[in-house]
Amino acid sequence: GFDLDINEKDHLMIGQADSTKLAEEYGTPLYVIDEMKIRENYRKVYQAFSKYYSDFQIFYACKANTNLAVMRILEEEGSGIDAVSPGEIYTSLLAGFEGDRVLYTGNNVKDQEMQFAIEAGIRLNVDSVSQLKRLAKIVDPDGFKISFRVNPMVGAGHHEHCITGGEMSKFGIKESEAVEVYQMALDLGFNPVGIHSHIGSGILESEPFMLAVETLMDIAGNIAQGTGIEFDFIDFGGGLGIPYHPDEEELDLDNFAQEITGLFKEKLVHYGLGKPTMCLEPGRYIVGNASYLLTRVNTIKESYRKFAGVDAGFNTLLRPSMYGSYHHIVVANQARAPAKEQIDIAGNVCESGDLFARDRLLPEIKEGDLLAIMNAGAYAFSMASQYNSRPRPAEVLVKDGETDVIRERETFADLLNKQVLPPRLLK
Ligand code: LLP
């Protein structure tokens with residue numbers, strides 16, 4: 001089960017703040033982020049791995065949560081950033097990350113985007129031969145440091161959409177061509193200093209990850225032997241899962257780190273790869289459990305089924321609709337009430353697929369109750385939209401009971417942002 005902090009009024013506490021008070025003060029739907037959880041999660045990963053391999057660096061995958069305050073917190077913690085777009089690079093720089101702490105792993109990157117990254121002094125992790133050739137025209141390749149994303153033919157993940165290794169995946173260069181591609185980069189004058197892979201997301205066991213490490217290290221070994229390249233860094237991407245369901249087991253991080261670094265070190269020695277920096281790019285693990293989505297029940301409907309209708313929808317949190325993901329739900333204003341009935345929790349978007357839960361066993365829910373949707377820190381706000389012309393919610397950051405608004409709730413005016421009526425349609 002999950003460790004919940006519940007006060008004497010049976011209200012769910014987040015970062016030592018009463019969730020029902022937050023909902024009253026800031027309105028709903030509302031994302032509430034617990035600052036200390038982010039810091040704890042970061043430190044857990046950092047300490048687990050650096051205990052076994054001292055030259056270890058985290059590149060937080062900011063696609064999980066790009067809020068500026070969240071990124072500032074991770075900058076303070078010493079993280080780097082895995083960025084996938086110029087927008088993420090822009091946000092990283094604003095958050096205070098120096099260019100050399102940002103790795104740009106784009107997919108189907110266009111020339112202007114590479115240009116932007118180069119001007120910002122950011123390391124490019126190249127995803128295709130096409131990108132390499134175009135890069136050679138944009139920048140003077142002489143000694144220019146790059147790395148490659150390799151597809152290690154190992155895939156894993158909580159959903160088909162999140163598996164990024166293997167022969168169906170659009171990411172990275174082909175494993176069997178890796179030596180050739182690194183040689184091509186050398187021939188063009190580049191200085192390839194790194195190798196990268198990311199096999200998928202939501203991984204809760206070490207097995208698929210071990211396989212990816214083994215494969216990538218063998219590829220790195222072949223490249224080093226075939227081309228004489230010395231790697232400054234080897235990056236295994238992200239994918240560390242978190243339990244979404246109370247029955248799911250947490251990743252045993254110490255064991256995971258020990259196994260992975262063990263294999264990593266063994267392969268370093270085997271191939272004479274020296275002592276490169278080992279990198280990981282966790283996103284979900286760092287921010288996933290640090291945030292709750294608070295949403296108010298406004299309608300109890302008994303039609304063919306019993307529904308509790310809330311004031312958020314898949315525009316606010318897409319994961320249940322998109323991946324069928326389970327998100328645990330707590331009745332925040334009666335967090336100790338025993339489970340009583342099975343009920344569907346439905347959003348307010350005009351689509352049947354807009355459900356946060358089907359047949360969920362919960363305490364009896366009344367109109368006006370406040371629900372807390374858990375583990376809403378990763379791929380939650382960052383995937384939110386204004387669909388159905390719903391302004392996106394506010395985000396607040398809580399620490400030691402103190403609250404700061406870190407993103408204001410959008411207004412109707414924001415729905416029209418950048419829209420222009422042509423003069424002939426003006427009234
Ligand atoms: N590195 C690379 C190159 C990635 O593509 C990703 C995620 C990560 C790191 C971070 O993965 P994480 O540690 O967060 O699993 N929207 C989906 C997840 C998509 C992940 C895409 N890439 C979801 O809500 O489950």
# chains A, B, ... in the order shown; residues from 1 in each chain; ligands from 1
>>> residues_around(residues="Met210 in chain A", least_positions_apart="4", cutoff="8 Å", atoms="only C-alpha atoms", output="PyMOL selection string")
chain A and resi 206+214+259-260+263
>>> residues_around(residues="Asn375 in chain A", least_positions_apart="2", cutoff="12 Å", atoms="only C-alpha atoms", output="ChimeraX atom specification")
/A:2,31-34,37,64,241-246,284-294,317,319-320,325-330,372-373,377-381
>>> closest_residue(among="A:Glu8, A:Glu25, A:Asp82, A:Glu35", to="ligand 1", atoms="only C-alpha atoms and all ligand atoms")
A:Asp82
>>> residues_near_ligand(ligand="ligand 1", cutoff="6 Å", atoms="only C-alpha atoms and all ligand atoms", output="tab-separated table (two decimals) with C-alpha atoms, in the first residue's frame")
chain	number	residue	atom	x	y	z
A	61	ALA	CA	14.10	13.64	-18.29
A	64	ALA	CA	7.94	14.21	-17.33
A	162	CYS	CA	6.33	3.32	-24.13
A	198	HIS	CA	16.62	4.19	-23.69
A	201	SER	CA	9.39	3.41	-19.48
A	202	GLY	CA	7.78	2.14	-16.30
A	237	GLY	CA	18.38	6.42	-20.50
A	238	GLY	CA	15.45	6.41	-18.12
A	239	GLY	CA	12.62	4.02	-17.47
A	240	LEU	CA	12.77	3.42	-13.72
A	281	GLU	CA	17.80	9.74	-17.36
A	282	PRO	CA	14.97	9.06	-14.96
A	283	GLY	CA	11.87	11.20	-15.35
A	284	ARG	CA	8.97	9.38	-13.74
A	319	ARG	CA	-2.62	8.65	-18.76
A	379	TYR	CA	3.51	12.93	-17.72
>>> residues_around(residues="Lys170 in chain A", least_positions_apart="4", cutoff="9 Å", atoms="only C-alpha atoms", output="count of residues only")
5
>>> select_by_dssp(residues="range 82-121 of chain A", states="helix (DSSP H, G or I)", output="list of chain:residue names")
A:Pro86, A:Gly87, A:Glu88, A:Ile89, A:Tyr90, A:Thr91, A:Ser92, A:Leu93, A:Leu94, A:Gly99, A:Asp100, A:Arg101, A:Asp111, A:Gln112, A:Glu113, A:Met114, A:Gln115, A:Phe116, A:Ala117, A:Ile118, A:Glu119
>>> select_by_dssp(residues="range 107-162 of chain A", states="strand (DSSP E or B)", output="list in words")
Arg123, Leu124, Asn125, Val126, Lys145, Ile146, Ser147, Phe148, Arg149, Val150 and Asn151 of chain A
>>> closest_residue(among="A:Glu24, A:Glu395, A:Glu205, A:Glu351", to="Glu249 in chain A", atoms="only C-alpha atoms")
A:Glu205
>>> residues_around(residues="Arg360 in chain A", least_positions_apart="6", cutoff="10 Å", atoms="only C-alpha atoms", output="list of chain:residue names")
A:His328, A:Ile329, A:Ala339, A:Glu341, A:Gln342, A:Ile343, A:Asp344, A:Ile345
>>> write_last_selection(atoms="C-alpha atoms", output="compact mmCIF listing (two decimals), in the first residue's frame")
# COMPACT_ATOMS: atom_id res chain seq x y z
CA HIS A 328 -4.75 5.36 -7.21
CA ILE A 329 -7.52 7.62 -5.91
CA ALA A 339 -13.95 1.12 0.95
CA GLU A 341 -18.69 0.48 -3.28
CA GLN A 342 -17.45 0.10 -6.81
CA ILE A 343 -17.84 3.22 -8.82
CA ASP A 344 -16.64 4.79 -12.07
CA ILE A 345 -14.78 8.06 -11.73
>>> closest_residue(among="A:Lys9, A:Lys44, A:Lys110, A:Arg39", to="Arg134 in chain A", atoms="only C-alpha atoms")
A:Lys110
>>> residues_around(residues="Ala257 in chain A", least_positions_apart="2", cutoff="8 Å", atoms="only C-alpha atoms", output="list in words")
Ala48, Phe49, Tyr52, Leu253, Asp254, Asn255, Glu259, Ile260 and Thr261 of chain A
>>> residues_around(residues="Asp18 in chain A", least_positions_apart="5", cutoff="10 Å", atoms="only C-alpha atoms", output="ChimeraX atom specification")
/A:5-7,9-13,23,332-333,401
>>> decode(residues="range 269-292 of chain A", atoms="N, CA and C atoms", output="JSON list (two decimals), in the first residue's frame")
[["chain", "number", "residue", "atom", "x", "y", "z"],
["A", 269, "VAL", "N", 35.81, -3.30, -17.88],
["A", 269, "VAL", "CA", 37.10, -4.00, -17.79],
["A", 269, "VAL", "C", 37.29, -4.91, -18.99],
["A", 270, "HIS", "N", 36.24, -5.67, -19.29],
["A", 270, "HIS", "CA", 36.31, -6.63, -20.39],
["A", 270, "HIS", "C", 36.74, -5.96, -21.70],
["A", 271, "TYR", "N", 36.17, -4.80, -21.97],
["A", 271, "TYR", "CA", 36.47, -4.13, -23.24],
["A", 271, "TYR", "C", 37.55, -3.05, -23.11],
["A", 272, "GLY", "N", 38.08, -2.89, -21.92],
["A", 272, "GLY", "CA", 39.09, -1.84, -21.71],
["A", 272, "GLY", "C", 38.54, -0.46, -22.02],
["A", 273, "LEU", "N", 37.35, -0.17, -21.48],
["A", 273, "LEU", "CA", 36.69, 1.10, -21.81],
["A", 273, "LEU", "C", 37.04, 2.23, -20.85],
["A", 274, "GLY", "N", 37.97, 1.98, -19.94],
["A", 274, "GLY", "CA", 38.37, 3.05, -19.02],
["A", 274, "GLY", "C", 37.32, 3.30, -17.97],
["A", 275, "LYS", "N", 37.12, 4.60, -17.63],
["A", 275, "LYS", "CA", 36.20, 4.93, -16.55],
["A", 275, "LYS", "C", 35.27, 6.08, -16.97],
["A", 276, "PRO", "N", 34.41, 5.82, -17.94],
["A", 276, "PRO", "CA", 33.51, 6.88, -18.39],
["A", 276, "PRO", "C", 32.46, 7.21, -17.33],
["A", 277, "THR", "N", 31.84, 8.35, -17.49],
["A", 277, "THR", "CA", 30.71, 8.71, -16.62],
["A", 277, "THR", "C", 29.54, 7.81, -16.96],
["A", 278, "MET", "N", 28.89, 7.27, -15.93],
["A", 278, "MET", "CA", 27.68, 6.50, -16.16],
["A", 278, "MET", "C", 26.49, 7.43, -15.95],
["A", 279, "CYS", "N", 25.59, 7.45, -16.94],
["A", 279, "CYS", "CA", 24.44, 8.36, -16.85],
["A", 279, "CYS", "C", 23.12, 7.59, -16.88],
["A", 280, "LEU", "N", 22.15, 8.13, -16.17],
["A", 280, "LEU", "CA", 20.77, 7.66, -16.25],
["A", 280, "LEU", "C", 19.88, 8.88, -16.45],
["A", 281, "GLU", "N", 18.73, 8.65, -17.07],
["A", 281, "GLU", "CA", 17.80, 9.74, -17.36],
["A", 281, "GLU", "C", 16.41, 9.47, -16.80],
["A", 282, "PRO", "N", 16.30, 9.31, -15.50],
["A", 282, "PRO", "CA", 14.97, 9.06, -14.96],
["A", 282, "PRO", "C", 14.09, 10.31, -15.04],
["A", 283, "GLY", "N", 12.85, 10.11, -15.39],
["A", 283, "GLY", "CA", 11.87, 11.20, -15.35],
["A", 283, "GLY", "C", 10.83, 10.86, -14.30],
["A", 284, "ARG", "N", 10.06, 9.81, -14.61],
["A", 284, "ARG", "CA", 8.97, 9.38, -13.74],
["A", 284, "ARG", "C", 9.43, 9.15, -12.30],
["A", 285, "TYR", "N", 10.57, 8.49, -12.14],
["A", 285, "TYR", "CA", 10.99, 8.11, -10.79],
["A", 285, "TYR", "C", 11.22, 9.34, -9.91],
["A", 286, "ILE", "N", 11.67, 10.44, -10.56],
["A", 286, "ILE", "CA", 12.01, 11.65, -9.80],
["A", 286, "ILE", "C", 10.76, 12.43, -9.38],
["A", 287, "VAL", "N", 9.80, 12.53, -10.29],
["A", 287, "VAL", "CA", 8.66, 13.42, -10.02],
["A", 287, "VAL", "C", 7.31, 12.72, -9.89],
["A", 288, "GLY", "N", 7.24, 11.45, -10.32],
["A", 288, "GLY", "CA", 5.94, 10.77, -10.42],
["A", 288, "GLY", "C", 5.11, 10.81, -9.15],
["A", 289, "ASN", "N", 5.70, 10.39, -8.03],
["A", 289, "ASN", "CA", 4.91, 10.29, -6.80],
["A", 289, "ASN", "C", 4.91, 11.60, -6.01],
["A", 290, "ALA", "N", 5.49, 12.64, -6.59],
["A", 290, "ALA", "CA", 5.61, 13.90, -5.84],
["A", 290, "ALA", "C", 4.38, 14.79, -6.02],
["A", 291, "SER", "N", 3.46, 14.40, -6.87],
["A", 291, "SER", "CA", 2.33, 15.29, -7.13],
["A", 291, "SER", "C", 0.99, 14.57, -7.09],
["A", 292, "TYR", "N", -0.02, 15.31, -6.64],
["A", 292, "TYR", "CA", -1.39, 14.83, -6.58],
["A", 292, "TYR", "C", -2.24, 15.74, -7.44]]
